[in-house]
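Listing of data-v2.tsv; format and content: TSV, C-alpha atoms and all ligand atoms.
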chain	number	residue	atom	x	y	z
A	1	MET	CA	-37.55	47.07	-108.08
A	2	ASN	CA	-39.18	44.92	-105.40
A	3	ARG	CA	-38.95	45.93	-101.77
A	4	THR	CA	-38.96	43.46	-98.88
A	5	LYS	CA	-41.98	43.27	-96.63
A	6	ILE	CA	-42.43	41.40	-93.37
A	7	ALA	CA	-45.37	39.16	-94.22
A	8	GLY	CA	-45.59	37.16	-91.00
A	9	VAL	CA	-44.11	37.33	-87.50
A	10	GLY	CA	-43.97	34.68	-84.77
A	11	LYS	CA	-42.48	34.34	-81.32
A	12	TYR	CA	-41.95	31.51	-78.87
A	13	VAL	CA	-40.62	31.52	-75.32
A	14	PRO	CA	-40.45	28.49	-73.03
A	15	ASP	CA	-43.10	28.47	-70.29
A	16	TRP	CA	-40.61	28.16	-67.41
A	17	THR	CA	-40.45	31.67	-65.91
A	18	ILE	CA	-37.46	32.55	-63.74
A	19	THR	CA	-37.83	35.63	-61.56
A	20	ASN	CA	-35.02	37.64	-60.01
A	21	PHE	CA	-36.09	36.10	-56.69
A	22	ASP	CA	-35.44	32.63	-58.14
A	23	LEU	CA	-31.90	33.75	-59.01
A	24	GLU	CA	-31.43	35.09	-55.48
A	25	LYS	CA	-31.73	31.47	-54.32
A	26	VAL	CA	-28.72	30.25	-56.32
A	27	MET	CA	-26.32	33.21	-56.31
A	28	GLU	CA	-25.58	36.39	-54.37
A	29	THR	CA	-27.77	38.86	-56.18
A	30	SER	CA	-30.97	40.78	-55.56
A	31	ASP	CA	-34.13	41.73	-57.37
A	32	ALA	CA	-33.31	45.37	-56.59
A	33	TRP	CA	-29.81	45.17	-58.13
A	34	ILE	CA	-31.03	43.46	-61.30
A	35	GLN	CA	-33.99	45.78	-61.82
A	36	GLU	CA	-32.01	48.92	-61.12
A	37	ARG	CA	-29.14	48.03	-63.47
A	38	SER	CA	-31.03	46.30	-66.27
A	39	GLY	CA	-34.81	46.68	-65.86
A	40	ILE	CA	-35.22	42.90	-65.96
A	41	VAL	CA	-37.91	41.38	-63.72
A	42	GLU	CA	-38.05	37.86	-65.13
A	43	ARG	CA	-36.89	35.72	-68.05
A	44	HIS	CA	-37.78	32.30	-69.50
A	45	TYR	CA	-35.59	29.20	-69.55
A	46	ILE	CA	-35.73	25.97	-71.48
A	47	ARG	CA	-36.12	22.85	-69.35
A	48	PRO	CA	-32.85	21.04	-70.15
A	49	GLY	CA	-33.30	18.25	-72.64
A	50	GLU	CA	-36.80	19.34	-73.66
A	51	GLU	CA	-35.98	21.99	-76.27
A	52	THR	CA	-33.06	23.66	-78.05
A	53	SER	CA	-32.57	26.92	-79.94
A	54	SER	CA	-33.48	25.24	-83.26
A	55	VAL	CA	-36.60	23.67	-81.71
A	56	MET	CA	-37.74	27.03	-80.34
A	57	GLY	CA	-36.89	28.58	-83.71
A	58	ALA	CA	-39.16	26.05	-85.42
A	59	LYS	CA	-42.04	26.88	-83.05
A	60	ALA	CA	-41.72	30.61	-83.77
A	61	SER	CA	-41.34	29.88	-87.50
A	62	LYS	CA	-44.56	27.89	-87.70
A	63	ILE	CA	-46.48	30.89	-86.35
A	64	ALA	CA	-44.73	33.31	-88.74
A	65	ILE	CA	-45.40	31.00	-91.69
A	66	GLU	CA	-49.07	30.67	-90.80
A	67	LYS	CA	-49.45	34.43	-90.36
A	68	ALA	CA	-47.87	34.95	-93.78
A	69	GLY	CA	-50.55	32.67	-95.22
A	70	ILE	CA	-48.10	30.20	-96.71
A	71	GLU	CA	-46.92	26.67	-95.91
A	72	PRO	CA	-43.50	25.48	-94.78
A	73	LYS	CA	-42.87	23.97	-98.24
A	74	ASP	CA	-43.18	27.47	-99.76
A	75	ILE	CA	-40.09	28.72	-97.89
A	76	ASP	CA	-37.26	29.10	-100.41
A	77	PHE	CA	-34.41	30.28	-98.14
A	78	ILE	CA	-33.70	29.89	-94.42
A	79	ILE	CA	-31.53	32.33	-92.48
A	80	PHE	CA	-30.88	31.38	-88.85
A	81	ALA	CA	-29.19	33.76	-86.43
A	82	THR	CA	-27.99	32.40	-83.08
A	83	LEU	CA	-24.98	32.32	-80.78
A	84	SER	CA	-26.30	29.25	-79.01
A	85	PRO	CA	-26.72	26.63	-81.75
A	86	ASP	CA	-27.54	22.99	-81.01
A	87	TYR	CA	-24.19	21.81	-82.38
A	88	TYR	CA	-20.71	23.23	-82.89
A	89	PHE	CA	-21.50	22.29	-86.49
A	90	PRO	CA	-23.64	21.90	-88.59
A	91	GLY	CA	-25.54	25.10	-87.96
A	92	ASN	CA	-29.14	25.53	-86.87
A	93	GLY	CA	-30.40	26.35	-90.38
A	94	VAL	CA	-30.44	22.74	-91.56
A	95	LEU	CA	-31.87	21.56	-88.23
A	96	LEU	CA	-34.71	24.04	-88.58
A	97	GLN	CA	-35.33	22.80	-92.12
A	98	ARG	CA	-35.63	19.29	-90.66
A	99	HIS	CA	-37.96	20.38	-87.82
A	100	LEU	CA	-40.22	22.03	-90.39
A	101	GLY	CA	-40.30	18.83	-92.46
A	102	ILE	CA	-39.00	20.52	-95.62
A	103	THR	CA	-35.68	18.76	-96.19
A	104	GLY	CA	-37.02	17.47	-99.52
A	105	THR	CA	-37.16	21.02	-100.89
A	106	GLU	CA	-33.34	21.22	-100.72
A	107	ILE	CA	-33.54	24.98	-100.17
A	108	PRO	CA	-30.44	26.80	-98.92
A	109	ALA	CA	-29.97	27.37	-95.17
A	110	LEU	CA	-27.60	30.08	-93.98
A	111	ASP	CA	-26.30	30.51	-90.43
A	112	VAL	CA	-25.58	33.98	-89.13
A	113	ARG	CA	-23.05	34.51	-86.32
A	114	ASN	CA	-23.56	38.12	-85.36
A	115	GLN	CA	-24.94	37.73	-81.85
A	116	CYS	CA	-27.24	40.60	-80.82
A	117	SER	CA	-27.07	42.09	-84.33
A	118	GLY	CA	-27.82	38.73	-85.97
A	119	PHE	CA	-31.40	39.56	-86.85
A	120	ILE	CA	-30.47	42.88	-88.54
A	121	TYR	CA	-27.58	41.21	-90.38
A	122	GLY	CA	-29.96	38.46	-91.56
A	123	LEU	CA	-32.50	41.07	-92.63
A	124	GLU	CA	-29.96	42.93	-94.75
A	125	VAL	CA	-28.87	39.67	-96.43
A	126	ALA	CA	-32.49	38.63	-97.06
A	127	ASP	CA	-33.34	42.09	-98.38
A	128	GLN	CA	-30.70	41.83	-101.10
A	129	PHE	CA	-32.04	38.46	-102.29
A	130	ILE	CA	-35.66	39.68	-102.30
A	131	LYS	CA	-34.79	42.87	-104.17
A	132	THR	CA	-33.03	40.97	-106.91
A	133	GLY	CA	-35.96	38.56	-107.19
A	134	LYS	CA	-33.92	35.47	-106.32
A	135	TYR	CA	-36.10	34.36	-103.37
A	136	LYS	CA	-39.75	35.04	-102.56
A	137	ASN	CA	-40.40	33.53	-99.14
A	138	ILE	CA	-37.37	33.89	-96.88
A	139	LEU	CA	-37.65	32.59	-93.32
A	140	LEU	CA	-35.46	34.65	-90.98
A	141	VAL	CA	-35.13	33.29	-87.45
A	142	GLY	CA	-33.38	34.42	-84.28
A	143	ALA	CA	-33.31	31.98	-81.34
A	144	GLU	CA	-31.20	31.56	-78.23
A	145	TYR	CA	-30.75	28.93	-75.56
A	146	HIS	CA	-28.67	31.00	-73.14
A	147	SER	CA	-29.60	29.25	-69.91
A	148	GLY	CA	-27.66	26.13	-70.90
A	149	GLY	CA	-24.38	28.06	-71.05
A	150	LEU	CA	-24.43	30.48	-68.14
A	151	ASP	CA	-22.55	30.39	-64.85
A	152	PHE	CA	-25.21	30.31	-62.13
A	153	THR	CA	-22.74	30.70	-59.29
A	154	THR	CA	-22.04	34.13	-57.80
A	155	ARG	CA	-18.90	34.24	-59.98
A	156	GLY	CA	-21.07	34.57	-63.11
A	157	ARG	CA	-23.76	36.91	-61.75
A	158	GLY	CA	-22.62	39.97	-63.75
A	159	VAL	CA	-23.63	38.17	-66.96
A	160	SER	CA	-26.07	35.40	-66.04
A	161	VAL	CA	-28.86	37.55	-64.62
A	162	LEU	CA	-29.17	39.47	-67.90
A	163	PHE	CA	-29.94	36.71	-70.40
A	164	GLY	CA	-32.99	34.63	-71.26
A	165	ASP	CA	-34.13	32.01	-73.77
A	166	GLY	CA	-36.55	32.48	-76.64
A	167	ALA	CA	-37.12	32.67	-80.38
A	168	GLY	CA	-38.62	34.94	-82.98
A	169	ALA	CA	-39.16	34.51	-86.71
A	170	VAL	CA	-40.34	36.46	-89.73
A	171	VAL	CA	-41.32	35.54	-93.28
A	172	LEU	CA	-39.99	38.04	-95.81
A	173	GLN	CA	-41.63	38.50	-99.19
A	174	PRO	CA	-41.37	40.93	-102.11
A	175	THR	CA	-43.83	43.82	-102.35
A	176	THR	CA	-44.46	46.35	-105.10
A	177	GLU	CA	-46.76	48.44	-102.91
A	178	GLU	CA	-45.66	52.06	-103.28
A	179	GLY	CA	-43.36	53.21	-100.47
A	180	LYS	CA	-43.83	50.06	-98.35
A	181	GLY	CA	-41.33	47.56	-96.96
A	182	VAL	CA	-37.67	47.75	-95.95
A	183	LEU	CA	-36.48	51.24	-96.93
A	184	THR	CA	-32.86	50.91	-95.87
A	185	THR	CA	-30.51	48.72	-93.82
A	186	HIS	CA	-27.07	49.50	-92.37
A	187	ILE	CA	-24.73	46.97	-90.78
A	188	HIS	CA	-21.30	47.52	-89.25
A	189	SER	CA	-18.58	45.83	-87.24
A	190	ASP	CA	-15.35	46.65	-85.42
A	191	GLY	CA	-13.33	43.69	-84.15
A	192	THR	CA	-10.96	45.78	-82.02
A	193	SER	CA	-12.80	44.76	-78.86
A	194	ALA	CA	-13.94	41.29	-79.92
A	195	GLU	CA	-13.11	39.75	-76.53
A	196	LEU	CA	-14.99	42.32	-74.42
A	197	LEU	CA	-18.24	40.41	-74.90
A	198	ALA	CA	-17.34	36.89	-75.88
A	199	ASN	CA	-17.28	33.21	-75.19
A	200	THR	CA	-13.78	32.14	-76.23
A	201	SER	CA	-13.94	28.52	-75.07
A	202	PRO	CA	-14.36	25.82	-76.14
A	203	ALA	CA	-12.64	26.79	-79.33
A	204	MET	CA	-9.85	26.10	-81.78
A	205	HIS	CA	-7.60	29.10	-81.09
A	206	GLY	CA	-5.12	27.15	-78.99
A	207	GLY	CA	-4.28	30.30	-77.00
A	208	TYR	CA	-3.32	32.24	-80.15
A	209	TYR	CA	-5.07	35.54	-79.44
A	210	ASP	CA	-3.74	36.36	-76.03
A	211	GLU	CA	-0.68	34.12	-76.45
A	212	ASP	CA	-1.53	32.66	-73.08
A	213	LYS	CA	-1.71	28.93	-73.59
A	214	GLU	CA	-1.48	28.44	-69.83
A	215	LYS	CA	-4.74	30.32	-69.27
A	216	TYR	CA	-6.71	27.83	-71.31
A	217	GLY	CA	-4.63	24.79	-70.46
A	218	PHE	CA	-3.52	24.23	-74.05
A	219	SER	CA	-0.48	22.01	-74.33
A	220	ASP	CA	2.45	22.94	-76.54
A	221	ASP	CA	2.63	19.31	-77.52
A	222	SER	CA	1.51	19.13	-81.17
A	223	GLU	CA	-0.44	15.99	-80.29
A	224	TYR	CA	-2.99	18.27	-78.59
A	225	ARG	CA	-2.97	21.02	-81.19
A	226	TYR	CA	-6.57	20.49	-82.24
A	227	VAL	CA	-8.02	20.18	-78.78
A	228	VAL	CA	-11.32	22.08	-78.41
A	229	MET	CA	-11.87	21.75	-74.69
A	230	THR	CA	-9.27	21.38	-71.99
A	231	GLN	CA	-9.52	20.17	-68.42
A	232	LYS	CA	-8.60	23.69	-67.32
A	233	MET	CA	-11.59	25.15	-69.20
A	234	LEU	CA	-13.87	22.70	-67.45
A	235	GLU	CA	-12.49	23.54	-64.04
A	236	SER	CA	-12.46	27.34	-64.43
A	237	ASP	CA	-14.94	29.95	-65.68
A	238	LEU	CA	-13.50	29.85	-69.20
A	239	LEU	CA	-16.47	27.97	-70.62
A	240	TYR	CA	-18.81	30.84	-69.78
A	241	PRO	CA	-19.39	34.13	-71.56
A	242	PHE	CA	-17.25	37.07	-70.50
A	243	MET	CA	-18.48	40.64	-70.57
A	244	ASP	CA	-16.86	43.93	-69.70
A	245	GLY	CA	-20.23	45.46	-68.83
A	246	GLN	CA	-19.12	49.05	-68.56
A	247	GLU	CA	-17.24	49.11	-71.89
A	248	VAL	CA	-20.17	47.38	-73.60
A	249	PHE	CA	-22.54	49.94	-72.11
A	250	LYS	CA	-20.42	52.90	-73.19
A	251	THR	CA	-20.05	51.65	-76.75
A	252	ALA	CA	-23.69	50.61	-77.06
A	253	VAL	CA	-25.04	54.04	-76.13
A	254	ARG	CA	-22.84	55.57	-78.86
A	255	LYS	CA	-23.50	53.05	-81.62
A	256	PHE	CA	-27.30	52.67	-81.24
A	257	PRO	CA	-28.00	56.39	-81.90
A	258	GLU	CA	-25.29	56.58	-84.59
A	259	VAL	CA	-26.76	53.77	-86.69
A	260	ILE	CA	-30.35	54.99	-86.18
A	261	ILE	CA	-29.36	58.46	-87.39
A	262	GLU	CA	-27.52	56.87	-90.33
A	263	ALA	CA	-30.75	55.18	-91.44
A	264	LEU	CA	-32.76	58.40	-91.02
A	265	LYS	CA	-30.22	60.48	-92.93
A	266	SER	CA	-30.06	58.05	-95.83
A	267	THR	CA	-33.83	58.24	-96.28
A	268	GLY	CA	-34.46	61.89	-95.37
A	269	TYR	CA	-36.65	61.15	-92.33
A	270	SER	CA	-36.33	62.53	-88.80
A	271	THR	CA	-36.94	60.97	-85.40
A	272	ASN	CA	-40.35	62.72	-85.34
A	273	ASP	CA	-41.44	60.61	-88.31
A	274	LEU	CA	-40.86	57.36	-86.43
A	275	LYS	CA	-43.93	55.60	-85.08
A	276	LEU	CA	-41.91	53.00	-83.24
A	277	VAL	CA	-38.29	52.16	-82.47
A	278	ILE	CA	-37.61	48.54	-81.54
A	279	PRO	CA	-34.07	48.35	-80.20
A	280	HIS	CA	-32.40	45.03	-79.49
A	281	GLN	CA	-33.36	44.44	-75.85
A	282	ALA	CA	-29.85	44.61	-74.34
A	283	ASN	CA	-30.62	46.50	-71.18
A	284	LEU	CA	-33.43	48.90	-70.24
A	285	ARG	CA	-30.89	51.48	-69.12
A	286	ILE	CA	-29.21	51.41	-72.54
A	287	SER	CA	-32.59	51.85	-74.28
A	288	GLN	CA	-33.51	54.75	-71.96
A	289	PHE	CA	-30.16	56.40	-72.66
A	290	VAL	CA	-30.69	56.04	-76.41
A	291	GLN	CA	-34.24	57.36	-76.11
A	292	LYS	CA	-32.99	60.44	-74.26
A	293	LEU	CA	-30.15	61.12	-76.69
A	294	LEU	CA	-32.53	60.90	-79.67
A	295	ARG	CA	-35.28	62.80	-77.82
A	296	LEU	CA	-37.84	60.10	-78.51
A	297	ARG	CA	-41.17	60.05	-76.70
A	298	ASP	CA	-42.06	57.07	-74.49
A	299	ASP	CA	-44.69	55.89	-76.98
A	300	GLN	CA	-42.02	55.75	-79.74
A	301	MET	CA	-39.78	53.32	-77.86
A	302	PHE	CA	-40.62	49.63	-77.41
A	303	ASN	CA	-39.22	47.80	-74.38
A	304	ASN	CA	-40.06	44.30	-73.20
A	305	ILE	CA	-36.73	43.25	-71.66
A	306	GLN	CA	-38.55	43.36	-68.29
A	307	LYS	CA	-40.23	40.02	-69.16
A	308	TYR	CA	-37.61	38.21	-71.21
A	309	GLY	CA	-34.14	39.48	-70.33
A	310	ASN	CA	-31.68	39.81	-73.20
A	311	THR	CA	-32.50	37.11	-75.78
A	312	THR	CA	-29.77	38.25	-78.19
A	313	ALA	CA	-30.66	37.35	-81.83
A	314	ALA	CA	-34.25	36.62	-80.80
A	315	SER	CA	-34.98	39.90	-79.05
A	316	ILE	CA	-36.01	42.03	-82.05
A	317	PRO	CA	-38.43	39.52	-83.64
A	318	ILE	CA	-39.91	38.71	-80.19
A	319	ALA	CA	-40.41	42.44	-79.56
A	320	LEU	CA	-41.84	42.96	-83.06
A	321	SER	CA	-44.32	40.15	-82.53
A	322	GLU	CA	-45.43	41.68	-79.23
A	323	ALA	CA	-45.65	45.21	-80.62
A	324	LEU	CA	-47.97	43.91	-83.34
A	325	ASP	CA	-50.10	41.99	-80.83
A	326	GLU	CA	-50.43	45.18	-78.78
A	327	GLY	CA	-51.57	47.14	-81.85
A	328	LYS	CA	-48.54	49.42	-81.78
A	329	LEU	CA	-47.93	49.24	-85.55
A	330	GLN	CA	-50.49	50.10	-88.22
A	331	ASP	CA	-50.38	50.07	-91.98
A	332	GLY	CA	-48.05	52.79	-93.24
A	333	ASP	CA	-46.23	53.39	-89.91
A	334	LEU	CA	-42.48	53.99	-89.94
A	335	LEU	CA	-40.60	51.40	-87.88
A	336	MET	CA	-36.94	51.52	-86.87
A	337	LEU	CA	-35.09	48.38	-85.79
A	338	ALA	CA	-31.61	48.73	-84.28
A	339	ALA	CA	-29.10	46.44	-82.64
A	340	PHE	CA	-25.68	46.42	-81.02
A	341	GLY	CA	-23.71	43.54	-79.58
A	342	SER	CA	-20.73	41.26	-79.37
A	343	GLY	CA	-18.12	41.68	-82.08
A	344	PHE	CA	-18.72	44.57	-81.79
A	345	THR	CA	-21.40	44.50	-84.46
A	346	TRP	CA	-24.34	46.83	-84.90
A	347	GLY	CA	-27.00	47.75	-87.42
A	348	SER	CA	-30.35	49.31	-88.20
A	349	ALA	CA	-33.29	48.82	-90.55
A	350	LEU	CA	-35.97	51.36	-91.43
A	351	ILE	CA	-39.27	49.83	-92.53
A	352	ARG	CA	-42.52	51.33	-93.80
A	353	TRP	CA	-45.12	48.92	-92.39
A	401	LIG	N1	-26.07	41.05	-58.42
A	401	LIG	C1	-25.51	41.78	-57.47
A	401	LIG	N2	-24.31	42.39	-57.61
A	401	LIG	C2	-23.69	42.25	-58.78
A	401	LIG	C3	-24.23	41.50	-59.84
A	401	LIG	C4	-25.47	40.88	-59.62
A	401	LIG	N3	-26.07	40.14	-60.55
A	401	LIG	N4	-23.37	41.54	-60.85
A	401	LIG	C5	-22.32	42.29	-60.49
A	401	LIG	N5	-22.51	42.72	-59.24
A	401	LIG	C6	-21.63	43.55	-58.43
A	401	LIG	C7	-20.21	43.54	-58.89
A	401	LIG	O1	-19.52	42.42	-58.36
A	401	LIG	C8	-19.69	44.85	-58.32
A	401	LIG	O2	-19.40	44.66	-56.98
A	401	LIG	P1	-18.17	45.42	-56.29
A	401	LIG	O3	-18.45	46.88	-56.46
A	401	LIG	O4	-18.22	44.95	-54.87
A	401	LIG	O5	-16.95	44.97	-57.04
A	401	LIG	C9	-20.90	45.78	-58.42
A	401	LIG	O6	-22.04	44.92	-58.55
A	401	LIG	C10	-20.84	46.73	-59.60
A	401	LIG	O7	-20.46	45.99	-60.75
A	401	LIG	P2	-20.35	46.68	-62.14
A	401	LIG	O8	-20.02	45.64	-63.16
A	401	LIG	O9	-19.45	47.87	-62.04
A	401	LIG	O10	-21.84	47.19	-62.33
A	401	LIG	P3	-22.44	48.09	-63.44
A	401	LIG	O11	-23.06	49.28	-62.83
A	401	LIG	O12	-21.50	48.33	-64.59
A	401	LIG	O13	-23.61	47.17	-64.00
A	401	LIG	C11	-24.11	45.82	-65.91
A	401	LIG	C12	-23.31	45.95	-64.61
A	401	LIG	C13	-23.70	44.53	-66.58
A	401	LIG	C14	-25.59	45.79	-65.57
A	401	LIG	C15	-23.80	47.06	-66.79
A	401	LIG	O14	-22.42	47.24	-66.93
A	401	LIG	C16	-24.40	46.96	-68.14
A	401	LIG	O15	-25.60	47.10	-68.28
A	401	LIG	N6	-23.60	46.75	-69.20
A	401	LIG	C17	-24.10	46.50	-70.53
A	401	LIG	C18	-24.51	45.07	-70.59
A	401	LIG	C19	-25.26	44.71	-71.83
A	401	LIG	O16	-26.20	45.36	-72.17
A	401	LIG	N7	-24.83	43.66	-72.48
A	401	LIG	C20	-25.47	43.17	-73.61
A	401	LIG	C21	-25.07	43.96	-74.79
A	401	LIG	S1	-25.77	43.25	-76.20

Structure translated into structure tokens:
Amino acid sequence: MNRTKIAGVGKYVPDWTITNFDLEKVMETSDAWIQERSGIVERHYIRPGEETSSVMGAKASKIAIEKAGIEPKDIDFIIFATLSPDYYFPGNGVLLQRHLGITGTEIPALDVRNQCSGFIYGLEVADQFIKTGKYKNILLVGAEYHSGGLDFTTRGRGVSVLFGDGAGAVVLQPTTEEGKGVLTTHIHSDGTSAELLANTSPAMHGGYYDEDKEKYGFSDDSEYRYVVMTQKMLESDLLYPFMDGQEVFKTAVRKFPEVIIEALKSTGYSTNDLKLVIPHQANLRISQFVQKLLRLRDDQMFNNIQKYGNTTAASIPIALSEALDEGKLQDGDLLMLAAFGSGFTWGSALIRW
């Protein structure tokens, strides 16, 4: 049977760099607090109106496509992971198809809504299609435009300082090379704590989940049943993401190692066999915790959150692109990708490069 190989990787981040000192000017925070708690030094933001997550996704895709030695028209399936799409609907997949000028191919475009685990979820889906021979050039993209949806007042500082904009893309192709490619993938979810890292407004729930219609300003009048955004949402912090940082931290440092060990066990490898682990760049402290628990050496762990913040679905392909540029992966190396995030969802992929 075919295995899936990563034939081309691309990344794109906007050129507007925002340092912690820049954030100090708009909210009560400090470079010291941000670096100590998250490791982040700077991140990149889109200039409003100039780009979107699908536009950044297209820029990263073009690089990945070129590196794979193919042309946009050769792509036979698009998978787009993002939590910050251009529109409520349709999804970014079709917009990316349009940006790449390949609407005439009428290929399928799938949108993945698994936040920080979106890239791993997309990889598992793509892997199944490649293995069965259905598609031969799958474009998998992760891109986020966080800066357009964050609360930059002091009220939102616990979340806003952590996130950045950017995009990463890979082209996935079949390989018959002995032992190479995606060896195993594992994806999981547990919706018990769905609201602990979430953006619940605007939305169509009408106050259903917490039965608190007052909180969102939903009217009981059936005339307003389908309302997506209320005046109350606009006037409060309900339009911004919410995060229970400590609960997220505690769960992340359990689930990252668990799903990495699951991948190792299923293939008979140990942590010593790993050349590189690229975790979703959630927080440097989380990565350091995971590294310690798994007793990984510094050279086995890839971190670049210092420069980009948390770019959610984009973080793994951005990191992969950088690791390759820095010569950290050679032919035949064993690479572990792992992610955890909102949902909660988490996953891993073990790849022989
Ligand atoms: N600057 C300065 N102070 C801040 C701040 C900021 N940006 N954000 C929050 N604070 C304050 C809080 O208001 C609080 O003040 P108080 O003690 O006077 O009430 C204090 O810092 C501590 O807040 P707390 O939330 O307890 O901090 P923490 O040690 O848990 O760190 C996170 C916060 C978010 C960095 C941490 O919980 C974390 O890393 N969680 C995981 C986040 C993550 O990785 N999410 C993505 C998963 S995909």

Find the residues of region 224-298 of chain A that sit at most 12 Å from region 160-179 of chain A; for each, write down the nearest two atoms and how far apart they are in Å, to one decimal. Count only C-alpha atoms. Sort by chain, then by number going up, and give it as a Markdown table.
| residue | atom | partner | partner_atom | distance |
| --- | --- | --- | --- | --- |
| A:Tyr240 | CA | A:Ser160 | CA | 9.4 |
| A:Pro241 | CA | A:Ser160 | CA | 8.8 |
| A:Phe242 | CA | A:Ser160 | CA | 10.0 |
| A:Met243 | CA | A:Ser160 | CA | 10.3 |
| A:Gly245 | CA | A:Leu162 | CA | 10.8 |
| A:Thr267 | CA | A:Gly179 | CA | 11.6 |
| A:Gln281 | CA | A:Phe163 | CA | 10.1 |
| A:Ala282 | CA | A:Leu162 | CA | 8.3 |
| A:Asn283 | CA | A:Leu162 | CA | 7.9 |
| A:Leu284 | CA | A:Leu162 | CA | 10.6 |

Next, dump the selected residues to file, keeping only C-alpha atoms, as a PDB file, keeping the file's coordinate frame.
ATOM      1  CA  TYR A 240     -18.810  30.840 -69.780  1.00  0.00           C
ATOM      2  CA  PRO A 241     -19.390  34.130 -71.560  1.00  0.00           C
ATOM      3  CA  PHE A 242     -17.250  37.070 -70.500  1.00  0.00           C
ATOM      4  CA  MET A 243     -18.480  40.640 -70.570  1.00  0.00           C
ATOM      5  CA  GLY A 245     -20.230  45.460 -68.830  1.00  0.00           C
ATOM      6  CA  THR A 267     -33.830  58.240 -96.280  1.00  0.00           C
ATOM      7  CA  GLN A 281     -33.360  44.440 -75.850  1.00  0.00           C
ATOM      8  CA  ALA A 282     -29.850  44.610 -74.340  1.00  0.00           C
ATOM      9  CA  ASN A 283     -30.620  46.500 -71.180  1.00  0.00           C
ATOM     10  CA  LEU A 284     -33.430  48.900 -70.240  1.00  0.00           C
TER      11      LEU A 284
END

- Item | Trp33 (chain A) environment, 12 Å, only C-alpha atoms, sequence neighbours closer than 5 positions dropped, as a PyMOL selection string | chain A and resi 20-21+23-24+28+38-41+157-158+161-162

Print the selection's residues with C-alpha atoms to a file, as a tab-separated table (two decimals), in the coordinates of the input.
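Result file out.tsv:
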chain	number	residue	atom	x	y	z
A	20	ASN	CA	-35.02	37.64	-60.01
A	21	PHE	CA	-36.09	36.10	-56.69
A	23	LEU	CA	-31.90	33.75	-59.01
A	24	GLU	CA	-31.43	35.09	-55.48
A	28	GLU	CA	-25.58	36.39	-54.37
A	38	SER	CA	-31.03	46.30	-66.27
A	39	GLY	CA	-34.81	46.68	-65.86
A	40	ILE	CA	-35.22	42.90	-65.96
A	41	VAL	CA	-37.91	41.38	-63.72
A	157	ARG	CA	-23.76	36.91	-61.75
A	158	GLY	CA	-22.62	39.97	-63.75
A	161	VAL	CA	-28.86	37.55	-64.62
A	162	LEU	CA	-29.17	39.47	-67.90

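Here CA of Leu123 (chain A) stands at a distance of 23.6 Å from CA of Gly101 (chain A).
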
Give, as lines of an AutoDock Vina configuration file, the centre coordinates and the x, y and z edge lengths in Å to one decimal for an axis-aligned box around all listed atoms of region 46-56 of chain A, padded by 6 Å on each side.
center_x = -35.2
center_y = 22.6
center_z = -76.3
size_x = 17.2
size_y = 20.8
size_z = 25.9

- Message: What's the separation between CA of Leu196 (chain A) and CA of Thr29 (chain A), in Å to one decimal place?
- Response: 22.5 Å

- Tell me, in Å to one decimal, how far atom C18 of ligand LIG 401 (chain A) is from CA of Gln288 (chain A). 13.3 Å

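Ranking A:Gly332, A:Gly142, A:Gly347, A:Gly8 by their shortest atom-to-atom distance to Ala263 (chain A), with only C-alpha atoms included, puts A:Gly347 first.
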
Gly10 (chain A) environment, 8 Å, only C-alpha atoms, sequence neighbours closer than 6 positions dropped, as a tab-separated table (two decimals) with C-alpha atoms, keeping the file's coordinate frame:
chain	number	residue	atom	x	y	z
A	60	ALA	CA	-41.72	30.61	-83.77
A	61	SER	CA	-41.34	29.88	-87.50
A	62	LYS	CA	-44.56	27.89	-87.70
A	63	ILE	CA	-46.48	30.89	-86.35
A	64	ALA	CA	-44.73	33.31	-88.74
A	65	ILE	CA	-45.40	31.00	-91.69
A	67	LYS	CA	-49.45	34.43	-90.36
A	168	GLY	CA	-38.62	34.94	-82.98
A	169	ALA	CA	-39.16	34.51	-86.71
A	170	VAL	CA	-40.34	36.46	-89.73
A	317	PRO	CA	-38.43	39.52	-83.64
A	318	ILE	CA	-39.91	38.71	-80.19
A	321	SER	CA	-44.32	40.15	-82.53

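Among A:Ile34, A:Leu337, A:Leu238, A:Val26, the residue with the shortest atom-to-atom distance to ligand LIG 401 (chain A), counting only C-alpha atoms and all ligand atoms, is A:Ile34.
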
- Message: Calculated over all atoms listed in the file, which of the candidates A:Asp298, A:Glu50, A:Glu124, A:Asp244 has the smallest distance to ligand LIG 401 (chain A)?
- Response: A:Asp244

- For the point (-4.8, 28.3, -76.0) in file coordinates, what residues are within 12 Å, counting all atoms listed in the file? Give the answer as a PyMOL selection string? chain A and resi 200-221+224-230+232-233+238

- Task: Could you tell me which of A:Arg155, A:Arg297, A:Lys5, A:Lys73 comes closest to ligand LIG 401 (chain A) if we count only C-alpha atoms and all ligand atoms?
- Result: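 The answer is A:Arg155, which sits nearest to ligand LIG 401 (chain A).
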
- So which residues are close to (-38.7, 47.5, -107.9), meaning at most 9 Å away in the file's coordinates with only C-alpha atoms counted, and can you show them as a list in words? Met1, Asn2, Arg3, Lys131, Thr132, Thr175 and Thr176 of chain A

Write a file for region 172-181 of chain A of the given structure; include C-alpha atoms and format it as a compact mmCIF listing (two decimals), in the first residue's frame.
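As a result, part33.txt now contains:
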# COMPACT_ATOMS: atom_id res chain seq x y z
CA LEU A 172 0.98 15.39 0.34
CA GLN A 173 1.75 12.69 -2.20
CA PRO A 174 1.92 8.89 -2.27
CA THR A 175 5.28 7.17 -1.87
CA THR A 176 6.29 3.54 -2.23
CA GLU A 177 9.77 4.17 -0.82
CA GLU A 178 10.41 1.47 1.79
CA GLY A 179 9.69 2.65 5.34
CA LYS A 180 9.17 6.31 4.38
CA GLY A 181 6.24 8.66 4.92
